[in-house]
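Enquirer: query-v2.cif is reproduced in full below (mmCIF, C-alpha atoms and all ligand atoms).
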data_work
loop_
_atom_site.label_atom_id
_atom_site.label_comp_id
_atom_site.auth_asym_id
_atom_site.auth_seq_id
_atom_site.Cartn_x
_atom_site.Cartn_y
_atom_site.Cartn_z
CA MET A 1 -76.75 -84.39 -85.72
CA GLN A 2 -74.06 -85.33 -83.18
CA ASN A 3 -74.65 -88.92 -84.29
CA LEU A 4 -73.92 -88.34 -87.95
CA THR A 5 -70.79 -89.86 -89.41
CA ASP A 6 -68.07 -87.66 -90.88
CA ARG A 7 -69.22 -88.63 -94.35
CA GLU A 8 -72.78 -87.60 -93.64
CA LEU A 9 -71.66 -84.26 -92.21
CA ILE A 10 -69.44 -83.65 -95.23
CA GLU A 11 -72.39 -84.32 -97.52
CA ILE A 12 -74.53 -81.76 -95.65
CA ILE A 13 -71.79 -79.12 -95.58
CA ASN A 14 -70.98 -79.52 -99.28
CA THR A 15 -74.43 -78.89 -100.72
CA ASP A 16 -77.12 -76.27 -100.56
CA LYS A 17 -79.90 -78.79 -100.97
CA TYR A 18 -80.58 -79.17 -97.22
CA ASP A 19 -80.31 -75.45 -96.38
CA ALA A 20 -84.03 -74.68 -96.07
CA GLU A 21 -84.51 -77.69 -93.83
CA LEU A 22 -81.42 -76.86 -91.74
CA PHE A 23 -82.41 -73.23 -91.18
CA LYS A 24 -85.93 -74.20 -90.20
CA LYS A 25 -84.75 -76.78 -87.71
CA ALA A 26 -82.08 -74.48 -86.26
CA ASP A 27 -84.59 -71.67 -85.77
CA ALA A 28 -87.04 -74.03 -84.07
CA ILE A 29 -84.37 -75.32 -81.69
CA ARG A 30 -83.28 -71.78 -80.84
CA ARG A 31 -86.90 -70.75 -80.16
CA GLU A 32 -87.34 -73.75 -77.87
CA ARG A 33 -84.32 -72.83 -75.75
CA TYR A 34 -84.04 -69.05 -76.01
CA GLY A 35 -87.31 -67.89 -77.54
CA THR A 36 -86.91 -65.02 -79.97
CA ASP A 37 -84.55 -63.16 -77.63
CA VAL A 38 -81.37 -61.70 -79.05
CA TYR A 39 -78.68 -60.76 -76.56
CA ILE A 40 -76.52 -57.74 -77.15
CA ARG A 41 -72.87 -57.40 -76.14
CA GLY A 42 -71.03 -54.10 -76.26
CA LEU A 43 -67.75 -54.66 -78.05
CA ILE A 44 -64.83 -52.48 -76.96
CA GLU A 45 -61.80 -52.93 -79.20
CA PHE A 46 -59.29 -51.42 -76.83
CA THR A 47 -55.98 -52.02 -78.61
CA ASN A 48 -54.94 -52.99 -82.12
CA TYR A 49 -51.30 -53.55 -81.21
CA CYS A 50 -50.45 -57.22 -81.53
CA LYS A 51 -47.27 -59.22 -81.07
CA ASN A 52 -48.57 -62.08 -83.21
CA ASN A 53 -48.37 -62.60 -86.93
CA CYS A 54 -51.42 -64.63 -87.86
CA TYR A 55 -51.34 -64.79 -91.67
CA TYR A 56 -55.01 -63.83 -92.10
CA CYS A 57 -55.26 -60.90 -89.71
CA GLY A 58 -55.00 -57.24 -90.68
CA ILE A 59 -53.63 -56.14 -87.29
CA ARG A 60 -50.77 -58.67 -87.34
CA ALA A 61 -47.46 -57.32 -86.07
CA GLY A 62 -45.99 -57.51 -89.58
CA ASN A 63 -48.49 -55.05 -91.02
CA THR A 64 -46.43 -51.90 -90.68
CA ASN A 65 -49.12 -49.90 -92.48
CA ALA A 66 -51.67 -50.44 -89.73
CA VAL A 67 -52.30 -47.27 -87.73
CA ARG A 68 -52.04 -48.39 -84.12
CA TYR A 69 -54.00 -47.16 -81.11
CA ARG A 70 -54.65 -48.02 -77.49
CA LEU A 71 -57.52 -46.88 -75.33
CA THR A 72 -56.79 -45.66 -71.81
CA LYS A 73 -58.60 -47.03 -68.80
CA ASP A 74 -60.69 -43.86 -68.73
CA ASP A 75 -61.60 -44.30 -72.41
CA ILE A 76 -62.69 -47.86 -71.69
CA LEU A 77 -64.77 -46.80 -68.69
CA SER A 78 -66.45 -44.10 -70.81
CA CYS A 79 -67.35 -46.76 -73.39
CA CYS A 80 -68.89 -48.85 -70.61
CA GLU A 81 -70.84 -45.91 -69.28
CA GLU A 82 -72.22 -45.09 -72.69
CA GLY A 83 -73.02 -48.76 -73.24
CA TYR A 84 -74.72 -49.16 -69.90
CA ASN A 85 -76.96 -46.20 -70.65
CA LEU A 86 -77.83 -47.74 -74.02
CA GLY A 87 -78.93 -50.94 -72.25
CA PHE A 88 -75.84 -53.12 -72.56
CA ARG A 89 -75.22 -55.55 -69.69
CA THR A 90 -72.21 -57.32 -71.18
CA PHE A 91 -68.96 -55.63 -72.10
CA VAL A 92 -66.52 -57.44 -74.34
CA LEU A 93 -62.94 -56.18 -74.16
CA GLN A 94 -61.19 -57.37 -77.28
CA GLY A 95 -57.72 -56.63 -78.53
CA GLY A 96 -54.58 -57.83 -80.16
CA GLU A 97 -52.03 -59.51 -77.90
CA ASP A 98 -50.54 -56.27 -76.69
CA PRO A 99 -47.71 -56.62 -74.13
CA PHE A 100 -48.37 -53.02 -73.00
CA PHE A 101 -51.46 -54.33 -71.23
CA THR A 102 -49.73 -56.30 -68.50
CA ASP A 103 -51.78 -58.56 -66.23
CA GLU A 104 -51.70 -55.82 -63.67
CA LYS A 105 -53.22 -53.32 -66.10
CA VAL A 106 -55.84 -55.78 -67.35
CA CYS A 107 -56.84 -56.69 -63.77
CA ASN A 108 -57.04 -53.04 -62.83
CA ILE A 109 -59.37 -52.28 -65.76
CA VAL A 110 -61.53 -55.35 -65.12
CA TYR A 111 -61.73 -54.58 -61.43
CA SER A 112 -62.86 -51.00 -62.08
CA ILE A 113 -65.60 -52.15 -64.46
CA ARG A 114 -66.67 -54.83 -61.99
CA GLU A 115 -66.88 -52.29 -59.16
CA LYS A 116 -68.97 -49.88 -61.18
CA TYR A 117 -71.23 -52.44 -62.89
CA PRO A 118 -71.82 -55.36 -60.53
CA ASP A 119 -74.83 -56.42 -62.61
CA CYS A 120 -72.89 -56.74 -65.88
CA ALA A 121 -70.92 -59.57 -67.43
CA ILE A 122 -67.33 -58.81 -68.38
CA THR A 123 -65.91 -60.75 -71.32
CA LEU A 124 -62.26 -60.76 -72.27
CA SER A 125 -60.89 -61.62 -75.71
CA ILE A 126 -57.18 -60.90 -75.53
CA GLY A 127 -55.63 -64.11 -76.78
CA GLU A 128 -53.35 -66.74 -75.30
CA LYS A 129 -52.16 -66.17 -71.73
CA SER A 130 -50.82 -68.33 -68.92
CA LYS A 131 -53.22 -70.11 -66.60
CA ASP A 132 -52.13 -67.81 -63.80
CA SER A 133 -52.98 -64.76 -65.88
CA TYR A 134 -56.43 -66.15 -66.68
CA LYS A 135 -56.93 -66.85 -62.97
CA ALA A 136 -55.96 -63.30 -62.07
CA TYR A 137 -58.42 -61.77 -64.56
CA PHE A 138 -61.15 -64.06 -63.25
CA LYS A 139 -60.44 -63.04 -59.70
CA ALA A 140 -60.58 -59.38 -60.73
CA GLY A 141 -64.12 -59.92 -61.99
CA ALA A 142 -64.08 -61.24 -65.55
CA ASN A 143 -66.77 -63.88 -66.24
CA ARG A 144 -66.37 -64.87 -69.85
CA TYR A 145 -63.56 -65.40 -72.33
CA LEU A 146 -63.61 -65.60 -76.11
CA LEU A 147 -60.79 -67.46 -77.80
CA ARG A 148 -61.54 -69.02 -81.13
CA HIS A 149 -59.63 -72.19 -81.83
CA GLU A 150 -59.56 -70.99 -85.49
CA THR A 151 -59.20 -74.53 -86.90
CA ALA A 152 -59.06 -77.85 -85.09
CA THR A 153 -56.71 -79.49 -87.60
CA SER A 154 -53.01 -79.07 -86.69
CA GLU A 155 -51.80 -79.04 -90.30
CA HIS A 156 -54.35 -76.40 -91.23
CA TYR A 157 -53.52 -74.41 -88.10
CA SER A 158 -49.89 -74.29 -89.20
CA LEU A 159 -50.90 -72.96 -92.62
CA LEU A 160 -52.69 -70.03 -90.94
CA HIS A 161 -50.15 -69.20 -88.24
CA PRO A 162 -46.38 -68.81 -87.90
CA PRO A 163 -44.50 -71.81 -86.43
CA ILE A 164 -44.31 -70.23 -82.98
CA MET A 165 -48.09 -70.69 -82.62
CA SER A 166 -49.76 -74.09 -82.26
CA LEU A 167 -53.17 -75.66 -82.00
CA GLU A 168 -51.97 -77.48 -78.88
CA ALA A 169 -51.23 -74.21 -77.08
CA ARG A 170 -54.57 -72.79 -78.17
CA LYS A 171 -56.45 -75.83 -76.89
CA GLU A 172 -54.59 -75.78 -73.60
CA CYS A 173 -55.72 -72.18 -73.08
CA LEU A 174 -59.33 -73.15 -73.75
CA TYR A 175 -59.26 -76.03 -71.26
CA ASN A 176 -57.58 -73.81 -68.67
CA LEU A 177 -60.27 -71.17 -69.09
CA LYS A 178 -62.99 -73.76 -68.59
CA GLU A 179 -61.32 -75.20 -65.55
CA ILE A 180 -61.04 -71.77 -63.92
CA GLY A 181 -64.77 -71.26 -64.34
CA TYR A 182 -65.16 -68.84 -67.23
CA GLN A 183 -68.06 -69.12 -69.62
CA VAL A 184 -65.96 -69.93 -72.67
CA GLY A 185 -66.46 -69.04 -76.30
CA SER A 186 -64.53 -70.70 -79.08
CA GLY A 187 -65.04 -70.80 -82.83
CA PHE A 188 -63.50 -70.61 -86.26
CA MET A 189 -63.46 -68.72 -89.52
CA VAL A 190 -65.49 -70.11 -92.41
CA GLY A 191 -63.69 -70.26 -95.73
CA SER A 192 -60.26 -69.49 -94.34
CA PRO A 193 -57.44 -70.20 -96.81
CA PHE A 194 -56.75 -73.91 -97.41
CA GLN A 195 -59.80 -74.95 -95.35
CA THR A 196 -61.37 -78.25 -96.43
CA THR A 197 -64.76 -79.68 -95.53
CA GLU A 198 -62.89 -82.27 -93.45
CA ASN A 199 -61.40 -79.37 -91.48
CA LEU A 200 -64.91 -78.04 -90.76
CA VAL A 201 -65.99 -81.47 -89.55
CA ALA A 202 -62.94 -81.55 -87.27
CA ASP A 203 -64.03 -78.14 -85.92
CA LEU A 204 -67.46 -79.55 -85.06
CA ARG A 205 -65.90 -82.61 -83.40
CA PHE A 206 -63.54 -80.46 -81.35
CA LEU A 207 -66.42 -78.25 -80.22
CA THR A 208 -68.31 -81.35 -79.12
CA GLU A 209 -65.32 -82.31 -76.99
CA LEU A 210 -64.80 -78.80 -75.56
CA SER A 211 -68.51 -78.06 -75.12
CA PRO A 212 -68.14 -74.27 -75.01
CA ASP A 213 -70.89 -71.88 -73.91
CA MET A 214 -70.45 -69.69 -76.98
CA VAL A 215 -69.35 -70.40 -80.54
CA GLY A 216 -68.26 -67.47 -82.68
CA ILE A 217 -67.98 -68.05 -86.40
CA GLY A 218 -67.78 -65.66 -89.31
CA PRO A 219 -66.55 -65.70 -92.87
CA TYR A 220 -62.84 -65.22 -93.42
CA ILE A 221 -62.45 -61.85 -95.16
CA THR A 222 -59.34 -60.93 -97.12
CA HIS A 223 -57.09 -58.13 -95.93
CA LYS A 224 -54.64 -56.88 -98.54
CA GLU A 225 -51.80 -56.15 -96.12
CA THR A 226 -51.41 -59.80 -95.13
CA PRO A 227 -49.68 -62.82 -96.72
CA PHE A 228 -53.19 -63.96 -97.73
CA PHE A 229 -53.88 -60.82 -99.81
CA ASP A 230 -54.78 -62.96 -102.84
CA LYS A 231 -56.93 -65.54 -101.07
CA PRO A 232 -60.70 -65.29 -101.59
CA SER A 233 -63.07 -64.53 -98.71
CA GLY A 234 -65.46 -67.10 -97.27
CA THR A 235 -69.07 -67.05 -98.39
CA LEU A 236 -72.33 -65.98 -96.77
CA GLN A 237 -74.07 -69.22 -97.64
CA LEU A 238 -71.50 -71.55 -96.09
CA THR A 239 -71.34 -69.40 -92.95
CA LEU A 240 -75.13 -69.53 -92.57
CA ARG A 241 -75.12 -73.29 -93.13
CA MET A 242 -72.43 -73.78 -90.47
CA LEU A 243 -74.40 -71.55 -88.06
CA ALA A 244 -77.49 -73.70 -88.53
CA ILE A 245 -75.48 -76.90 -88.01
CA LEU A 246 -73.96 -75.45 -84.83
CA ARG A 247 -77.39 -74.52 -83.46
CA ILE A 248 -78.70 -78.02 -84.13
CA MET A 249 -75.63 -79.69 -82.62
CA PHE A 250 -75.38 -77.31 -79.65
CA PRO A 251 -78.89 -76.19 -78.67
CA HIS A 252 -77.58 -74.36 -75.59
CA ALA A 253 -74.88 -72.37 -77.34
CA LEU A 254 -74.77 -68.61 -77.54
CA LEU A 255 -74.17 -68.01 -81.22
CA PRO A 256 -73.34 -64.51 -82.44
CA ALA A 257 -74.32 -63.20 -85.82
CA THR A 258 -70.89 -61.63 -86.19
CA THR A 259 -69.69 -58.31 -87.56
CA ALA A 260 -67.84 -60.28 -90.27
CA LEU A 261 -71.16 -61.77 -91.38
CA GLY A 262 -72.68 -58.28 -91.45
CA SER A 263 -69.66 -57.07 -93.41
CA ILE A 264 -69.96 -59.49 -96.33
CA HIS A 265 -73.69 -58.93 -96.83
CA PRO A 266 -75.95 -56.00 -95.87
CA GLU A 267 -78.43 -58.38 -94.25
CA GLY A 268 -75.84 -60.85 -93.03
CA ARG A 269 -76.76 -60.57 -89.39
CA GLU A 270 -80.51 -60.81 -89.95
CA LEU A 271 -79.90 -63.93 -92.04
CA GLY A 272 -77.67 -65.21 -89.25
CA LEU A 273 -80.52 -64.91 -86.75
CA LYS A 274 -82.78 -66.85 -89.07
CA ALA A 275 -80.14 -69.57 -89.26
CA GLY A 276 -80.03 -69.93 -85.47
CA ALA A 277 -77.82 -67.14 -84.10
CA ASN A 278 -79.03 -65.39 -80.92
CA VAL A 279 -76.35 -62.82 -80.07
CA VAL A 280 -75.11 -59.62 -81.68
CA MET A 281 -72.12 -57.59 -80.63
CA PRO A 282 -72.55 -53.94 -81.58
CA ASN A 283 -69.47 -51.78 -81.48
CA LEU A 284 -68.93 -49.50 -78.48
CA SER A 285 -65.38 -48.47 -79.36
CA PRO A 286 -64.82 -44.75 -79.92
CA MET A 287 -65.83 -43.93 -83.49
CA GLU A 288 -62.35 -42.77 -84.56
CA ASN A 289 -60.80 -46.14 -83.63
CA ARG A 290 -63.31 -48.47 -85.24
CA LYS A 291 -61.84 -48.36 -88.72
CA LYS A 292 -58.37 -48.88 -87.29
CA TYR A 293 -59.35 -52.18 -85.70
CA ALA A 294 -59.23 -53.61 -89.20
CA ILE A 295 -58.71 -57.34 -88.77
CA TYR A 296 -60.21 -57.59 -92.26
CA GLU A 297 -61.19 -55.13 -94.97
CA ASN A 298 -64.47 -53.24 -95.34
CA LYS A 299 -65.47 -53.88 -91.76
CA ILE A 300 -68.80 -52.20 -91.07
CA ALA A 301 -68.46 -49.53 -88.40
CA THR A 302 -70.97 -46.74 -88.54
CA GLY A 303 -74.32 -48.31 -89.42
CA LEU A 304 -76.57 -50.54 -87.37
CA GLU A 305 -73.59 -52.34 -85.87
CA ALA A 306 -72.74 -49.18 -83.93
CA ALA A 307 -73.94 -49.52 -80.35
CA GLN A 308 -75.32 -46.00 -80.62
CA ASN A 309 -77.79 -47.28 -83.22
CA VAL A 310 -79.11 -50.14 -81.12
CA LYS A 311 -82.62 -48.72 -81.37
CA GLU A 312 -82.59 -49.00 -85.16
CA LEU A 313 -81.04 -52.44 -84.93
CA LYS A 314 -83.87 -53.44 -82.64
CA GLU A 315 -86.43 -52.29 -85.19
CA SER A 316 -84.70 -54.12 -87.99
CA PHE A 317 -84.70 -57.36 -85.96
CA GLU A 318 -88.30 -56.90 -84.83
CA ALA A 319 -89.33 -56.67 -88.45
CA ILE A 320 -88.18 -60.28 -88.90
CA GLY A 321 -89.57 -61.56 -85.60
CA TYR A 322 -86.67 -61.31 -83.13
CA LYS A 323 -86.35 -59.20 -80.03
CA ILE A 324 -83.25 -57.50 -78.67
CA VAL A 325 -83.31 -57.82 -74.88
CA THR A 326 -81.42 -56.05 -72.13
CA ALA A 327 -80.25 -59.02 -70.15
CA ARG A 328 -76.84 -60.38 -69.32
CA GLY A 329 -77.77 -63.32 -71.51
CA ASP A 330 -75.99 -66.14 -69.71
CA VAL A 331 -75.85 -69.58 -71.24
CA ARG A 332 -78.80 -71.93 -70.68
CA ARG A 333 -77.38 -75.41 -70.40
N1 LIG B 401 -56.27 -61.42 -80.20
C1 LIG B 401 -57.54 -61.99 -79.86
C2 LIG B 401 -58.67 -61.42 -80.70
C3 LIG B 401 -58.52 -61.69 -82.17
S1 LIG B 401 -59.69 -60.89 -83.23
C4 LIG B 401 -57.46 -63.49 -79.98
O1 LIG B 401 -56.41 -64.00 -80.40
O2 LIG B 401 -58.40 -64.17 -79.61
C5 LIG B 401 -61.06 -61.99 -83.11
C6 LIG B 401 -61.24 -62.99 -84.24
O3 LIG B 401 -61.31 -62.36 -85.50
C7 LIG B 401 -60.13 -64.00 -84.41
O4 LIG B 401 -60.22 -65.02 -83.47
C8 LIG B 401 -60.33 -64.47 -85.85
O5 LIG B 401 -61.12 -65.67 -85.90
C9 LIG B 401 -61.12 -63.33 -86.49
N2 LIG B 401 -60.37 -62.77 -87.64
C10 LIG B 401 -59.10 -62.35 -87.69
N3 LIG B 401 -58.76 -61.98 -88.95
C11 LIG B 401 -59.85 -62.19 -89.72
C12 LIG B 401 -60.15 -62.03 -91.11
N4 LIG B 401 -59.23 -61.60 -91.97
N5 LIG B 401 -61.40 -62.34 -91.52
C13 LIG B 401 -62.33 -62.78 -90.67
N6 LIG B 401 -62.12 -62.96 -89.36
C14 LIG B 401 -60.89 -62.68 -88.89
#
Could you render the structure from this file as C-alpha cells?
Expert:
Amino acid sequence: MQNLTDRELIEIINTDKYDAELFKKADAIRRERYGTDVYIRGLIEFTNYCKNNCYYCGIRAGNTNAVRYRLTKDDILSCCEEGYNLGFRTFVLQGGEDPFFTDEKVCNIVYSIREKYPDCAITLSIGEKSKDSYKAYFKAGANRYLLRHETATSEHYSLLHPPIMSLEARKECLYNLKEIGYQVGSGFMVGSPFQTTENLVADLRFLTELSPDMVGIGPYITHKETPFFDKPSGTLQLTLRMLAILRIMFPHALLPATTALGSIHPEGRELGLKAGANVVMPNLSPMENRKKYAIYENKIATGLEAAQNVKELKESFEAIGYKIVTARGDVRR
C-alpha cells in the first residue's frame, strides 16, 4: 500500500467498496505480527487546564465554562497503584498544556512512578515542549510520548489552530522525541473540520516519513463550547477504513481503538480491533474527573472503558476472538 499513488489512495479512502477486503487484510497482518493480543494502557488524565486554544478541543483555554481540575502527585500515584493491581503495565499521563506542571513537577511525578514500578512503561502526552524538557522527562524515566500531528497539511493545520501554533513546531517536537529515544506515537483526527481526502493522504505520507511506533486516530467529535460548535463529527466508517489502511501500511504499529471511536458507536472499539487496532486505553482517572476531561462531547466514562471494568472488557473482546494481555506491549519492529 506504501507504493500506491496519491490518486489510488484517494480512490480507496473515498469509497466503501473495498472495506471488507481492507478489514480482512488488516486483521491478517495484525495477527501475523501481534497475534490476537490486545495491549491495555491505563489512561490518567491528570489536568484539564490548557494554555492553548485549539479550535476543536473542549478543554481549550477559551472555554470558560469548562470546570477545571488538577490531580496531585498522590492522586496520580493512587491511580497507578489501582491500575497496577488491575494488571496495567503502561501508564499514560495525559493533560492539557498546563504551565502549573513545570518540568520539575513532571520529572518528580515520572521519577516516583518509575521508582515504584520499574517493570512498567510510562507514557507522557502533555503537548509541545522544548527538546531539553523532553530530555529531562526521559531521564526521569518516561519511555513513550504521544503527540498527534493532527493534520500534516499546513493550511489545514492553520484552520484548526490559532496562528501561534504551527505544523512546523509540532513536527519538530516529534523529531526531537524520536531522537531522544522515546517510543513515539503520532496521529490525527478523522473528519476534522475542513479535512479533505488529500489531507488524509498527506497524513499517511507524513507518517511514512516519521515512522512512529504508535498511531492514534479517532473521529473528530463536536464540542459545543468551541468555535467548531456547528461542524459535524467524523464518521465511524471512515475511521475504521483509515485504521485498516494504517495497519496495512504500518504492520508494526501499535494502533489504539480509541475512546473517541468507542464514544461515537457502542461497539466502536470492537469494530476497531477487527479493522486492525491492537491497543485500548481504559480510563484510570478518578471517576469524578472523567467527565471534566471533556475534549469532546458525550465521552464515554463509566462503562467498559473504565479501567475498573477491564474484566468485562476482556470478556467482550474474547467474544470476538481477541485477548487482552498484561504485558508492557512494546512495539515490534
Ligand atoms: N495536550 C495534549 C493532549 C491533547 S488531547 C497534546 O497536545 O498532545 C489528545 C488528543 O485528543 C488530541 O491530540 C486530539 O487529536 C484529540 N482531540 C481533541 N479534541 C477532540 C475532539 N473534539 N474530537 C476528537 N478528538 C479530539
Enquirer: Can you tell me, as a compact mmCIF listing (two decimals) with C-alpha atoms, in the coordinates of the input, what residues are no more than 9 Å from Cys173 of chain A when counting all atoms listed in the file, ignoring any on the same chain fewer than 3 positions away?
Expert:
# COMPACT_ATOMS: atom_id res chain seq x y z
CA GLY A 127 -55.63 -64.11 -76.78
CA GLU A 128 -53.35 -66.74 -75.30
CA LYS A 129 -52.16 -66.17 -71.73
CA SER A 130 -50.82 -68.33 -68.92
CA LYS A 131 -53.22 -70.11 -66.60
CA TYR A 134 -56.43 -66.15 -66.68
CA LEU A 147 -60.79 -67.46 -77.80
CA GLU A 168 -51.97 -77.48 -78.88
CA ALA A 169 -51.23 -74.21 -77.08
CA ARG A 170 -54.57 -72.79 -78.17
CA ASN A 176 -57.58 -73.81 -68.67
CA LEU A 177 -60.27 -71.17 -69.09
CA LYS A 178 -62.99 -73.76 -68.59
Enquirer: Residues at most 6 Å from ligand LIG 401 (chain B), using all atoms listed in the file? Could they come as a list of chain:residue names?
Expert: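 With all atoms listed in the file and a cut-off of 6 Å, ligand LIG 401 (chain B) is contacted by A:Tyr56, A:Cys57, A:Gln94, A:Gly95, A:Gly96, A:Glu97, A:Ser125, A:Ile126, A:Gly127, A:Leu147, A:Arg148, A:Glu150, A:Phe188, A:Met189, A:Pro219, A:Tyr220, A:Ile221, A:Thr222, A:His223, A:Ile295, A:Tyr296.
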Enquirer: Between atom CA of Thr239 of chain A and atom CA of Val190 of chain A, what is the distance, to one decimal in Å?
Expert: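 If I compute the distance from atom CA of Thr239 of chain A to atom CA of Val190 of chain A, I get 5.9 Å.
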Enquirer: Taking (-76.1, -74.7, -73.1) as a centre in this file's frame and 12 Å as the limit, can you find every polymer residue with an atom that close, using all atoms listed in the file, and give them as a ChimeraX atom specification?
Expert: /A:29-30,33-34,183-185,208,211-215,246-255,329-333
Enquirer: Which is closer to Thr259 of chain A than all the others in A:Ala301, A:Ile13, A:Cys54, A:Ile59, using all atoms listed in the file?
Expert: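 Selected residue with least distance to Thr259 of chain A: A:Ala301.
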Enquirer: Please report, as a Markdown table, each residue of segment 157-273 of chain A lying at most 8 Å from segment 15-22 of chain A, together with the nearest pair of atoms and the separation in Å rounded to one decimal; use all atoms listed in the file, and order rows by chain and ascending residue number.
Expert:
| residue | atom | partner | partner_atom | distance |
| --- | --- | --- | --- | --- |
| A:Arg241 | CA | A:Asp19 | CA | 6.5 |
| A:Ala244 | CA | A:Leu22 | CA | 6.0 |
| A:Ile245 | CA | A:Leu22 | CA | 7.0 |
Enquirer: Provide the atom CA of Tyr137 of chain A to atom CA of His149 of chain A distance in Å, to one decimal place.
Expert: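 Computing the Euclidean distance for atom CA of Tyr137 of chain A and atom CA of His149 of chain A yields 20.2 Å.
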Enquirer: I need the residue nearest Lys135 of chain A from this list: A:Ser112, A:Pro193, A:Val106, A:Leu160. Use all atoms listed in the file for the distance.
Expert: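 That would be A:Val106, the residue with the smallest distance to Lys135 of chain A.
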